[in-house]
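Chemist: Sharing a structure, written as structure tokens. Questions coming.
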Amino acid sequence: MTTQNDAVKLIIEKPDIISNNLTSAGVVDSSDKLLTVMKLNDKFSRAVYVLVHYSSLTDELAGKIIRKAGSLLRKDKNTARVLVVLKTIPAEYKEALTDSKLEWIELAEEKIVNQRKREGKTAKDLPVETYESGGNHTKEDSIRQEAVNDTVRAFCEWLLSKDLNASWREFTLLVSDQIEAGDSTENALPGKQRHFQLYRNQFLAYEGKLMTEYKKHENTDGYSSFLTVHLANQTKPGEDFNVNEETEGVSVELNKYVNENTGELDIEDKGWQTCLPEQDVKKIAMIMNRWKLGVNITFRPDPGNEGTSLQLMIKQMISLSLLIQAAKGKVSYVMK
């Protein structure tokens, strides 16, 4: 039978048992009889706190976990995530943790046994199968999908925490520091979002939201993560910016760009070209090239240059959203 100390020791030795994006062994930050707090790092060198309780969960302990997680997020601005690791989690507690914007992981005895069997294997050792909807869904599929989801989730948390302000051509982008719970849309589950304002020639012209959202696969328990820009003309004073189908610009399905061999996110997306007539696509491509932004949405996982690559991707997504909305007659901008 696995004890609390056993679970903590295992996570220190094999952090990938709870998340494939944890790249360094953990150290115990604090511990008492009920709760152990560990500090690890993700692939972007950001702090990840892991709260471990390997026994039954009570109302009192659930409240303690939520309070402790909140204090960790407030204390360390470099914190990417807080993970709550429990042996089993009743449904009502899953709801409470989710409502508190905390990630939770059930580390069952069976998973520990399976981890021992899989030691030494990587994603490359697993059968090369994709996670499209439908088809047979095996345990190895689930392992691979969990690795992909971990990579995407870490990327989204890293992206949303960065300084995304930028300037290019006649535009200045100001992105709010506040990370909010995402707005609900008709076909997706909300993630997180940041509000932005886009100035043109030093005057506020447009605003919108950069958001993460999740869409379930049909016939499986998997999902895909999307990074989406919503953009419209600036709202009137006192009015809120509302997300809907009319405000959607570009949306990138992140899961399909996780490299199976390296586990890195490597984006080269041209999906926006399918939503417009050919004439508009050509005109937008010409403008994007003139702005020296390229035609596709890109992100390269080059060590030491991720920040530069991220800045380019944000400029590409905002610019394409503006031009697409203009082509559709949704915003006031003359493409020339």
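Scheme for the structure tokens: letters A, B, ... for chains in order shown; per-chain residue numbers from 1; ligand numbers from 1 in order shown.
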Considering only C-alpha atoms, tabulate each residue of segment 47-73 of chain A that lies at most 8 Å from segment 86-105 of chain A along with its nearest interatomic pair and the corresponding distance in Å to one decimal; arrange the rows by chain and ascending residue number and present them as a Markdown table.
Modeler:
```
| residue | atom | partner | partner_atom | distance |
| --- | --- | --- | --- | --- |
| A:Val52 | CA | A:Leu86 | CA | 6.2 |
| A:His53 | CA | A:Leu86 | CA | 5.3 |
| A:Tyr54 | CA | A:Lys87 | CA | 5.1 |
| A:Ser55 | CA | A:Lys87 | CA | 6.0 |
| A:Ser56 | CA | A:Thr88 | CA | 7.2 |
| A:Leu57 | CA | A:Ile89 | CA | 7.2 |
| A:Ala62 | CA | A:Tyr93 | CA | 7.5 |
| A:Ile66 | CA | A:Ser100 | CA | 7.1 |
| A:Ala69 | CA | A:Leu102 | CA | 7.9 |
```
Chemist: Write the residues you've just listed into a file as a JSON list (two decimals), in the first residue's frame, and include N, CA and C atoms for each of them.
Modeler:
```
[["chain", "number", "residue", "atom", "x", "y", "z"],
["A", 52, "VAL", "N", 0.29, 17.42, -2.30],
["A", 52, "VAL", "CA", 0.07, 15.98, -2.24],
["A", 52, "VAL", "C", -0.62, 15.61, -0.93],
["A", 53, "HIS", "N", -1.74, 14.89, -1.06],
["A", 53, "HIS", "CA", -2.42, 14.28, 0.09],
["A", 53, "HIS", "C", -2.85, 12.89, -0.34],
["A", 54, "TYR", "N", -2.16, 11.87, 0.18],
["A", 54, "TYR", "CA", -2.44, 10.52, -0.30],
["A", 54, "TYR", "C", -3.27, 9.74, 0.71],
["A", 55, "SER", "N", -4.49, 10.23, 0.89],
["A", 55, "SER", "CA", -5.46, 9.56, 1.76],
["A", 55, "SER", "C", -6.83, 10.12, 1.42],
["A", 56, "SER", "N", -7.83, 9.81, 2.25],
["A", 56, "SER", "CA", -9.18, 10.29, 1.96],
["A", 56, "SER", "C", -9.27, 11.80, 2.16],
["A", 57, "LEU", "N", -10.17, 12.42, 1.39],
["A", 57, "LEU", "CA", -10.32, 13.87, 1.42],
["A", 57, "LEU", "C", -11.53, 14.25, 2.24],
["A", 62, "ALA", "N", -10.11, 19.89, 2.07],
["A", 62, "ALA", "CA", -10.36, 20.52, 0.78],
["A", 62, "ALA", "C", -10.25, 22.04, 0.89],
["A", 66, "ILE", "N", -7.42, 24.49, -0.99],
["A", 66, "ILE", "CA", -7.80, 25.64, -1.82],
["A", 66, "ILE", "C", -7.16, 26.92, -1.30],
["A", 69, "ALA", "N", -3.34, 26.75, -2.05],
["A", 69, "ALA", "CA", -3.08, 26.97, -3.48],
["A", 69, "ALA", "C", -3.19, 28.45, -3.82]]
```
Chemist: Can you list, as JSON, numbers by chain, all residues belonging to segment 118-329 of chain A that DSSP tags as helix (DSSP H, G or I)?
Modeler: {"A": [118, 123, 124, 125, 139, 140, 141, 142, 143, 144, 145, 146, 147, 148, 149, 150, 151, 152, 153, 154, 155, 156, 157, 158, 159, 160, 161, 245, 246, 247, 255, 256, 257, 271, 272, 273, 274, 275, 278, 279, 280, 281, 282, 283, 284, 285, 286, 287, 288, 289, 290, 306, 307, 308, 309, 310, 311, 312, 313, 314, 315, 316, 317, 318, 319, 320, 321, 322, 323, 324, 325, 326, 327]}
Chemist: Taking 2 positions as the minimum chain separation for residues in the same chain, which residues sit within 12 Å of Lys236 of chain A when counting only C-alpha atoms? Answer as number ranges by chain.
Modeler: A: 204-207, 232-234, 238-241
Chemist: Compile a residue-level contact table for segment 207-276 of chain A against segment 290-311 of chain A at a cut-off of 8 Å, reporting for every qualifying residue the shortest atom pair and its distance in Å to one decimal, with only C-alpha atoms counted, rows ordered by chain and ascending number, as a Markdown table.
Modeler:
```
| residue | atom | partner | partner_atom | distance |
| --- | --- | --- | --- | --- |
| A:Glu264 | CA | A:Pro301 | CA | 6.7 |
| A:Leu265 | CA | A:Pro301 | CA | 6.5 |
| A:Asp266 | CA | A:Arg300 | CA | 5.3 |
| A:Ile267 | CA | A:Phe299 | CA | 4.8 |
| A:Glu268 | CA | A:Thr298 | CA | 4.7 |
| A:Asp269 | CA | A:Ile297 | CA | 5.0 |
| A:Lys270 | CA | A:Asn296 | CA | 5.0 |
```
